[in-house]
>>> print(open('start.cif').read())   # mmCIF, C-alpha atoms and all ligand atoms
data_my_file
loop_
_atom_site.label_atom_id
_atom_site.label_comp_id
_atom_site.auth_asym_id
_atom_site.auth_seq_id
_atom_site.Cartn_x
_atom_site.Cartn_y
_atom_site.Cartn_z
CA MET I 1 176.69 159.50 99.85
CA SER I 2 179.42 162.05 99.14
CA GLU I 3 181.56 159.20 97.92
CA ASN I 4 179.08 158.24 95.18
CA LEU I 5 178.43 161.81 94.18
CA SER I 6 182.12 162.62 93.97
CA GLN I 7 182.75 159.66 91.66
CA HIS I 8 180.27 160.96 89.11
CA ASN I 9 181.25 163.06 86.11
CA GLY I 10 181.16 166.65 87.17
CA PRO I 11 180.04 169.23 87.80
CA ASP I 12 183.60 170.48 87.79
CA HIS I 13 182.59 174.12 88.14
CA ILE I 14 179.66 175.36 90.22
CA GLY I 15 178.64 179.02 90.31
CA ILE I 16 176.48 180.14 93.22
CA ILE I 17 174.29 183.22 93.49
CA MET I 18 174.31 183.43 97.28
CA ASP I 19 170.95 185.07 97.90
CA GLY I 20 168.58 185.47 100.83
CA ASN I 21 170.83 186.70 103.67
CA GLY I 22 168.56 189.67 104.32
CA ARG I 23 165.30 187.70 104.32
CA TRP I 24 166.83 184.99 106.49
CA ALA I 25 167.79 187.61 109.09
CA GLN I 26 164.51 189.49 108.92
CA ALA I 27 162.54 186.28 109.41
CA GLN I 28 164.18 185.88 112.79
CA GLY I 29 164.07 189.51 113.82
CA LEU I 30 167.78 190.07 113.19
CA SER I 31 169.45 192.86 111.23
CA ARG I 32 170.29 192.21 107.56
CA ILE I 33 173.96 192.53 108.50
CA LYS I 34 173.65 189.54 110.87
CA GLY I 35 172.31 187.62 107.87
CA HIS I 36 175.40 188.51 105.86
CA ARG I 37 177.61 187.42 108.77
CA GLN I 38 175.84 184.06 108.81
CA GLY I 39 176.20 183.89 105.03
CA VAL I 40 179.98 184.08 105.41
CA GLU I 41 179.84 180.94 107.59
CA THR I 42 178.03 179.19 104.74
CA CYS I 43 180.83 180.14 102.33
CA ARG I 44 183.36 178.28 104.47
CA ARG I 45 181.06 175.25 104.72
CA ILE I 46 180.55 175.12 100.96
CA ILE I 47 184.26 175.51 100.15
CA ASP I 48 184.86 172.39 102.29
CA ALA I 49 181.92 170.59 100.66
CA CYS I 50 183.28 171.27 97.18
CA GLN I 51 186.56 169.56 98.03
CA ASP I 52 184.67 166.58 99.46
CA LEU I 53 182.48 166.39 96.36
CA ASN I 54 185.36 166.80 93.91
CA VAL I 55 184.16 170.13 92.54
CA HIS I 56 187.38 171.83 91.44
CA TYR I 57 186.00 175.29 90.64
CA LEU I 58 183.59 177.23 92.83
CA THR I 59 182.49 180.74 91.85
CA LEU I 60 180.67 182.71 94.54
CA TYR I 61 178.70 185.84 93.62
CA ALA I 62 179.53 187.94 96.65
CA PHE I 63 178.81 191.51 95.51
CA SER I 64 177.25 192.71 92.27
CA ALA I 65 177.98 196.03 90.59
CA GLU I 66 174.33 196.87 91.34
CA ASN I 67 174.76 196.17 95.08
CA TRP I 68 176.41 199.63 95.51
CA ASN I 69 172.84 200.94 95.36
CA ARG I 70 172.07 199.46 98.79
CA PRO I 71 172.07 201.65 101.92
CA GLU I 72 175.58 202.89 102.70
CA ARG I 73 175.59 201.14 106.08
CA GLU I 74 174.94 197.77 104.47
CA VAL I 75 177.53 198.32 101.73
CA ASN I 76 180.13 199.26 104.35
CA ALA I 77 179.29 196.20 106.43
CA LEU I 78 179.61 193.94 103.37
CA MET I 79 183.02 195.43 102.54
CA GLU I 80 184.19 194.93 106.14
CA LEU I 81 182.95 191.35 106.10
CA LEU I 82 184.78 190.76 102.83
CA GLU I 83 188.03 192.03 104.33
CA LEU I 84 187.58 189.90 107.46
CA PHE I 85 186.68 186.84 105.41
CA LEU I 86 189.81 187.22 103.28
CA MET I 87 192.09 187.74 106.29
CA LYS I 88 190.66 184.74 108.09
CA GLU I 89 190.30 182.56 105.04
CA THR I 90 193.78 182.89 103.51
CA LYS I 91 195.39 180.46 105.97
CA LEU I 92 192.69 177.85 105.36
CA LEU I 93 192.87 178.24 101.59
CA VAL I 94 196.63 177.69 101.75
CA LYS I 95 196.11 174.65 103.96
CA GLN I 96 193.55 173.23 101.53
CA LYS I 97 195.65 174.22 98.49
CA VAL I 98 192.85 176.31 97.01
CA ARG I 99 193.82 179.05 94.57
CA LEU I 100 191.82 182.26 94.98
CA HIS I 101 190.73 184.30 91.94
CA ALA I 102 188.50 187.35 91.71
CA ILE I 103 186.33 188.66 88.89
CA GLY I 104 184.67 192.07 88.61
CA ARG I 105 185.94 195.64 88.55
CA LEU I 106 188.27 195.09 91.50
CA GLU I 107 189.93 198.49 91.16
CA GLU I 108 186.67 200.09 92.34
CA LEU I 109 186.66 198.20 95.67
CA PRO I 110 187.66 200.12 98.82
CA ALA I 111 191.39 199.99 99.59
CA LYS I 112 191.21 197.68 102.63
CA PRO I 113 189.36 194.73 101.10
CA ARG I 114 191.30 195.27 97.86
CA ARG I 115 194.58 194.90 99.74
CA ALA I 116 193.35 191.80 101.58
CA LEU I 117 192.22 190.34 98.26
CA LYS I 118 195.57 190.99 96.61
CA LYS I 119 197.40 189.31 99.49
CA ALA I 120 195.15 186.24 99.45
CA ILE I 121 195.45 185.88 95.67
CA GLU I 122 199.24 186.17 95.92
CA ALA I 123 199.44 183.63 98.78
CA THR I 124 197.53 181.00 96.81
CA LYS I 125 198.70 181.69 93.26
CA ASN I 126 200.71 178.49 92.81
CA PHE I 127 197.91 176.03 93.58
CA LYS I 128 196.57 174.23 90.56
CA GLU I 129 193.88 171.74 91.51
CA TRP I 130 191.26 173.68 93.52
CA HIS I 131 189.90 177.10 92.63
CA LEU I 132 187.72 179.58 94.46
CA ILE I 133 186.56 182.52 92.35
CA LEU I 134 184.96 185.49 94.10
CA ALA I 135 182.72 187.72 91.99
CA LEU I 136 183.16 191.18 93.50
CA ASN I 137 181.70 194.37 92.07
CA TYR I 138 180.89 191.99 89.25
CA SER I 139 178.48 192.57 86.38
CA SER I 140 178.40 190.49 83.21
CA ARG I 141 177.45 193.55 81.20
CA ASN I 142 180.40 195.55 82.56
CA GLU I 143 182.64 192.60 81.76
CA ILE I 144 181.42 192.59 78.15
CA VAL I 145 181.95 196.35 77.92
CA ASP I 146 185.53 195.99 79.20
CA ALA I 147 186.29 193.10 76.83
CA THR I 148 184.80 195.02 73.89
CA LYS I 149 186.93 198.08 74.71
CA ALA I 150 190.10 195.96 74.84
CA ILE I 151 189.33 194.37 71.47
CA ALA I 152 188.29 197.70 69.92
CA GLU I 153 191.61 199.22 70.97
CA LYS I 154 193.48 196.45 69.16
CA THR I 155 191.47 196.99 66.01
CA ALA I 156 191.87 200.78 66.23
CA LYS I 157 195.66 200.33 66.42
CA GLY I 158 195.51 198.10 63.38
CA ASN I 159 196.64 195.01 65.34
CA LEU I 160 193.46 193.09 64.64
CA SER I 161 191.00 193.14 61.78
CA PRO I 162 187.30 192.91 62.74
CA GLU I 163 186.68 189.82 60.59
CA ASN I 164 189.20 187.89 62.70
CA ILE I 165 187.29 188.47 65.96
CA THR I 166 186.20 185.11 67.41
CA TRP I 167 184.31 184.01 70.51
CA GLU I 168 187.58 182.59 71.87
CA MET I 169 189.12 186.03 71.58
CA ILE I 170 186.18 187.62 73.41
CA ALA I 171 186.32 184.91 76.09
CA ALA I 172 190.04 185.57 76.53
CA ASN I 173 189.21 189.20 77.33
CA LEU I 174 186.58 188.39 79.96
CA ASP I 175 187.53 188.38 83.66
CA THR I 176 187.09 184.60 83.62
CA SER I 177 189.81 184.10 81.01
CA GLY I 178 191.60 180.80 81.68
CA LEU I 179 188.78 179.41 83.83
CA PRO I 180 186.35 176.76 82.58
CA ASP I 181 182.71 177.67 82.02
CA PRO I 182 180.37 176.80 84.91
CA ASP I 183 178.56 173.47 84.56
CA LEU I 184 175.96 174.27 87.19
CA ILE I 185 174.55 177.56 88.47
CA VAL I 186 172.79 177.46 91.84
CA ARG I 187 170.67 180.28 93.23
CA THR I 188 169.31 180.23 96.76
CA SER I 189 166.33 182.03 98.33
CA GLY I 190 163.68 181.23 95.71
CA GLU I 191 164.59 183.90 93.15
CA THR I 192 164.86 182.56 89.63
CA ARG I 193 166.97 185.16 87.86
CA LEU I 194 170.64 185.60 87.04
CA SER I 195 171.04 189.21 88.22
CA ASN I 196 173.92 189.86 85.81
CA PHE I 197 175.97 186.80 86.86
CA LEU I 198 178.15 184.98 84.27
CA LEU I 199 175.67 185.55 81.44
CA MET I 200 178.05 184.54 78.65
CA GLN I 201 179.87 181.82 80.56
CA SER I 202 176.67 180.01 81.55
CA ALA I 203 175.43 179.69 77.95
CA TYR I 204 175.33 175.89 78.42
CA ALA I 205 175.20 175.62 82.21
CA GLU I 206 172.44 173.78 84.03
CA PHE I 207 170.40 175.82 86.53
CA TYR I 208 169.24 174.82 89.98
CA PHE I 209 167.01 177.06 92.07
CA THR I 210 166.17 176.37 95.69
CA SER I 211 164.00 178.25 98.18
CA THR I 212 166.58 177.70 100.94
CA CYS I 213 168.20 180.99 101.97
CA TRP I 214 172.00 181.15 101.78
CA PRO I 215 172.64 181.13 105.58
CA ASP I 216 170.74 177.80 105.80
CA PHE I 217 172.44 176.21 102.77
CA THR I 218 174.42 173.10 103.73
CA LYS I 219 176.50 170.39 102.12
CA ALA I 220 173.32 168.27 101.90
CA HIS I 221 171.66 171.01 99.83
CA LEU I 222 174.67 171.12 97.53
CA GLU I 223 174.55 167.34 97.17
CA GLU I 224 170.90 167.59 96.18
CA ALA I 225 171.77 170.19 93.52
CA ILE I 226 174.47 167.86 92.17
CA ARG I 227 172.05 164.92 92.14
CA VAL I 228 169.60 166.97 90.07
CA TYR I 229 172.46 167.97 87.76
CA HIS I 230 173.33 164.30 87.19
CA ASN I 231 169.77 163.64 86.03
CA ARG I 232 169.96 166.32 83.35
CA GLU I 233 171.08 165.55 79.84
CA ARG I 234 173.45 168.18 78.48
CA ARG I 235 173.00 168.03 74.73
CA PHE I 236 174.98 171.05 73.49
CA GLY I 237 172.69 171.32 70.49
CA ARG I 238 172.68 167.64 69.55
CA THR I 239 169.89 165.07 69.89
CA GLY I 240 169.45 162.66 72.76
CA GLU I 241 169.91 159.76 70.32
CA GLN I 242 173.31 161.06 69.20
CA LEU I 243 174.43 161.21 72.83
CA ASP I 244 173.25 157.62 73.42
CA VAL I 245 175.28 156.37 70.43
CA GLU I 246 178.38 158.23 71.63
CA ALA I 247 177.99 156.88 75.14
CA SER I 248 177.68 153.28 73.87
CA LEU I 249 180.79 153.72 71.67
CA SER I 250 182.87 155.01 74.54
CA ARG I 251 181.87 152.13 76.81
C1 LIG Q 301 172.66 188.07 99.24
O1 LIG Q 301 171.64 188.24 100.16
C2 LIG Q 301 173.91 188.80 99.60
C3 LIG Q 301 174.26 189.91 98.73
C4 LIG Q 301 173.59 190.33 97.69
C5 LIG Q 301 175.46 190.63 99.06
P1 LIG Q 301 170.67 189.51 100.07
O2 LIG Q 301 171.24 190.60 100.91
O3 LIG Q 301 170.38 189.86 98.67
O4 LIG Q 301 169.37 188.93 100.77
P2 LIG Q 301 167.87 189.26 100.39
O5 LIG Q 301 167.70 188.94 98.93
O6 LIG Q 301 167.65 190.71 100.68
O7 LIG Q 301 167.08 188.37 101.26
C1 LIG Q 302 172.55 189.00 93.41
O1 LIG Q 302 171.68 189.12 94.49
C2 LIG Q 302 173.91 189.43 93.83
C3 LIG Q 302 174.59 188.58 94.82
C4 LIG Q 302 174.15 187.44 95.28
C5 LIG Q 302 175.85 189.07 95.27
P1 LIG Q 302 170.73 190.39 94.66
O2 LIG Q 302 169.90 190.11 95.86
O3 LIG Q 302 171.53 191.63 94.66
O4 LIG Q 302 169.87 190.34 93.32
P2 LIG Q 302 168.48 191.01 92.95
O5 LIG Q 302 168.65 192.48 93.13
O6 LIG Q 302 167.45 190.44 93.86
O7 LIG Q 302 168.24 190.61 91.53
MG MG Q 303 168.94 189.33 97.36
#
>>> encode(input="start.cif", output="structure tokens", more="lines below")
Ligand code: IPE
Ligand code: IPE
Ligand code: MG
Amino acid sequence: MSENLSQHNGPDHIGIIMDGNGRWAQAQGLSRIKGHRQGVETCRRIIDACQDLNVHYLTLYAFSAENWNRPEREVNALMELLELFLMKETKLLVKQKVRLHAIGRLEELPAKPRRALKKAIEATKNFKEWHLILALNYSSRNEIVDATKAIAEKTAKGNLSPENITWEMIAANLDTSGLPDPDLIVRTSGETRLSNFLLMQSAYAEFYFTSTCWPDFTKAHLEEAIRVYHNRERRFGRTGEQLDVEASLSR
């Protein structure tokens, strides 16, 4: 089955809103933190699955800028888990030739996970084919604010006139600069919202929502999401008929 799916066109970039760790844990009488620990296991499983399924870019929403509002104990546990994940994961990423990237206001992360992140990014920086992007202290709105400030500074210095501002220029100032837009956004746990994840970049992404909580999410679930994606028609503003004509011409 993986074979067939991996031969299809795309998705080349999947973004995942990994949700439901807390509810998964609570449903079995465990602490929310145990749910997060289990969620980390799923990350490893899905990184492997992406290579099997020929998905070159995987963006995982690991911690939103709004998640600082959780109880301190939970935030601390998440930061510790992040550090442990990075320390453990680096060797495997190198072995699998996966380049690690991070998006979000990374300078606001605690020193320990920030150091581990820097090391992992450095250790994998020369890989070209496979990419894992962690969204950490990420918020699309913050990202837009930061990009706007950078562009405004250029205009204030007289290096750029406002009429020359283009979407490409804005995109180049986002944290995701240099990365392709996501083709497919998956959210687990039954919630059907974006929670500030890749708002601009997913302008033409397909969305897949599943009630499965992140700790239970497997390669089979990812394959199902990809199957659904293959049955969608991405029109990018054009008509279905136009796409049919183009497809017959390219055959
Ligand atoms: C997602 O699971 C993990 C993070 C946001 C870090 P949650 O912790 O949001 O789980 P629920 O939504 O409370 O079940
Ligand atoms: C979104 O999940 C953030 C991550 C998955 C890291 P949340 O659980 O924080 O989102 P809301 O608060 O339910 O929208
Ligand atoms: Mg949640």
>>> residues_near_ligand(input="start.cif", ligand="ligand LIG 302 (chain Q)", cutoff="9 Å", atoms="only C-alpha atoms and all ligand atoms", output="PyMOL selection string")
chain I and resi 16-22+60-67+70+135-138+187-188+191-197
>>> residues_near_point(input="start.cif", point="(194.6, 168.5, 93.1)", cutoff="9 Å", atoms="all atoms listed in the file", output="ChimeraX atom specification")
/I:56,97-98,127-130
>>> axis_aligned_box(input="start.cif", around="ligand LIG 301 (chain Q)", padding_each_side="8 Å", output="AutoDock Vina command-line options")
--center_x 171.3 --center_y 189.4 --center_z 99.5 --size_x 24.4 --size_y 18.6 --size_z 19.6
>>> atom_distance(input="start.cif", atom1="CA of Ile144 in chain I", atom2="CA of Ile170 in chain I")
8.4 Å
>>> closest_residue(input="start.cif", among="I:Lys149, I:Arg32, I:His131, I:Lys219", to="ligand MG 303 (chain Q)", atoms="only C-alpha atoms and all ligand atoms")
I:Arg32
>>> closest_residue(input="start.cif", among="I:Leu184, I:Cys213, I:Ile133, I:Leu243", to="ligand LIG 301 (chain Q)", atoms="only C-alpha atoms and all ligand atoms")
I:Cys213
>>> residues_around(input="start.cif", residues="range 83-85 of chain I", least_positions_apart="3", cutoff="9 Å", atoms="all atoms listed in the file", output="PDB file with C-alpha atoms, in the coordinates of the input")
ATOM      1  CA  VAL I  40     179.980 184.080 105.410  1.00  0.00           C
ATOM      2  CA  LEU I  78     179.610 193.940 103.370  1.00  0.00           C
ATOM      3  CA  MET I  79     183.020 195.430 102.540  1.00  0.00           C
ATOM      4  CA  GLU I  80     184.190 194.930 106.140  1.00  0.00           C
ATOM      5  CA  LYS I  88     190.660 184.740 108.090  1.00  0.00           C
ATOM      6  CA  GLU I  89     190.300 182.560 105.040  1.00  0.00           C
ATOM      7  CA  THR I  90     193.780 182.890 103.510  1.00  0.00           C
ATOM      8  CA  LYS I 112     191.210 197.680 102.630  1.00  0.00           C
ATOM      9  CA  PRO I 113     189.360 194.730 101.100  1.00  0.00           C
ATOM     10  CA  ARG I 114     191.300 195.270  97.860  1.00  0.00           C
ATOM     11  CA  ARG I 115     194.580 194.900  99.740  1.00  0.00           C
ATOM     12  CA  ALA I 116     193.350 191.800 101.580  1.00  0.00           C
ATOM     13  CA  LEU I 117     192.220 190.340  98.260  1.00  0.00           C
TER      14      LEU I 117
END
>>> atom_distance(input="start.cif", atom1="CA of Tyr229 in chain I", atom2="CA of Asn142 in chain I")
29.2 Å
>>> closest_residue(input="start.cif", among="I:Asn9, I:Tyr57, I:Thr176, I:Gly190", to="ligand MG 303 (chain Q)", atoms="all atoms listed in the file")
I:Gly190
>>> closest_residue(input="start.cif", among="I:Glu163, I:Glu122, I:Glu74, I:Asp175", to="ligand LIG 301 (chain Q)", atoms="all atoms listed in the file")
I:Glu74
>>> closest_residue(input="start.cif", among="I:Glu168, I:Ile226, I:Ser189, I:Pro71", to="ligand LIG 301 (chain Q)", atoms="all atoms listed in the file")
I:Ser189
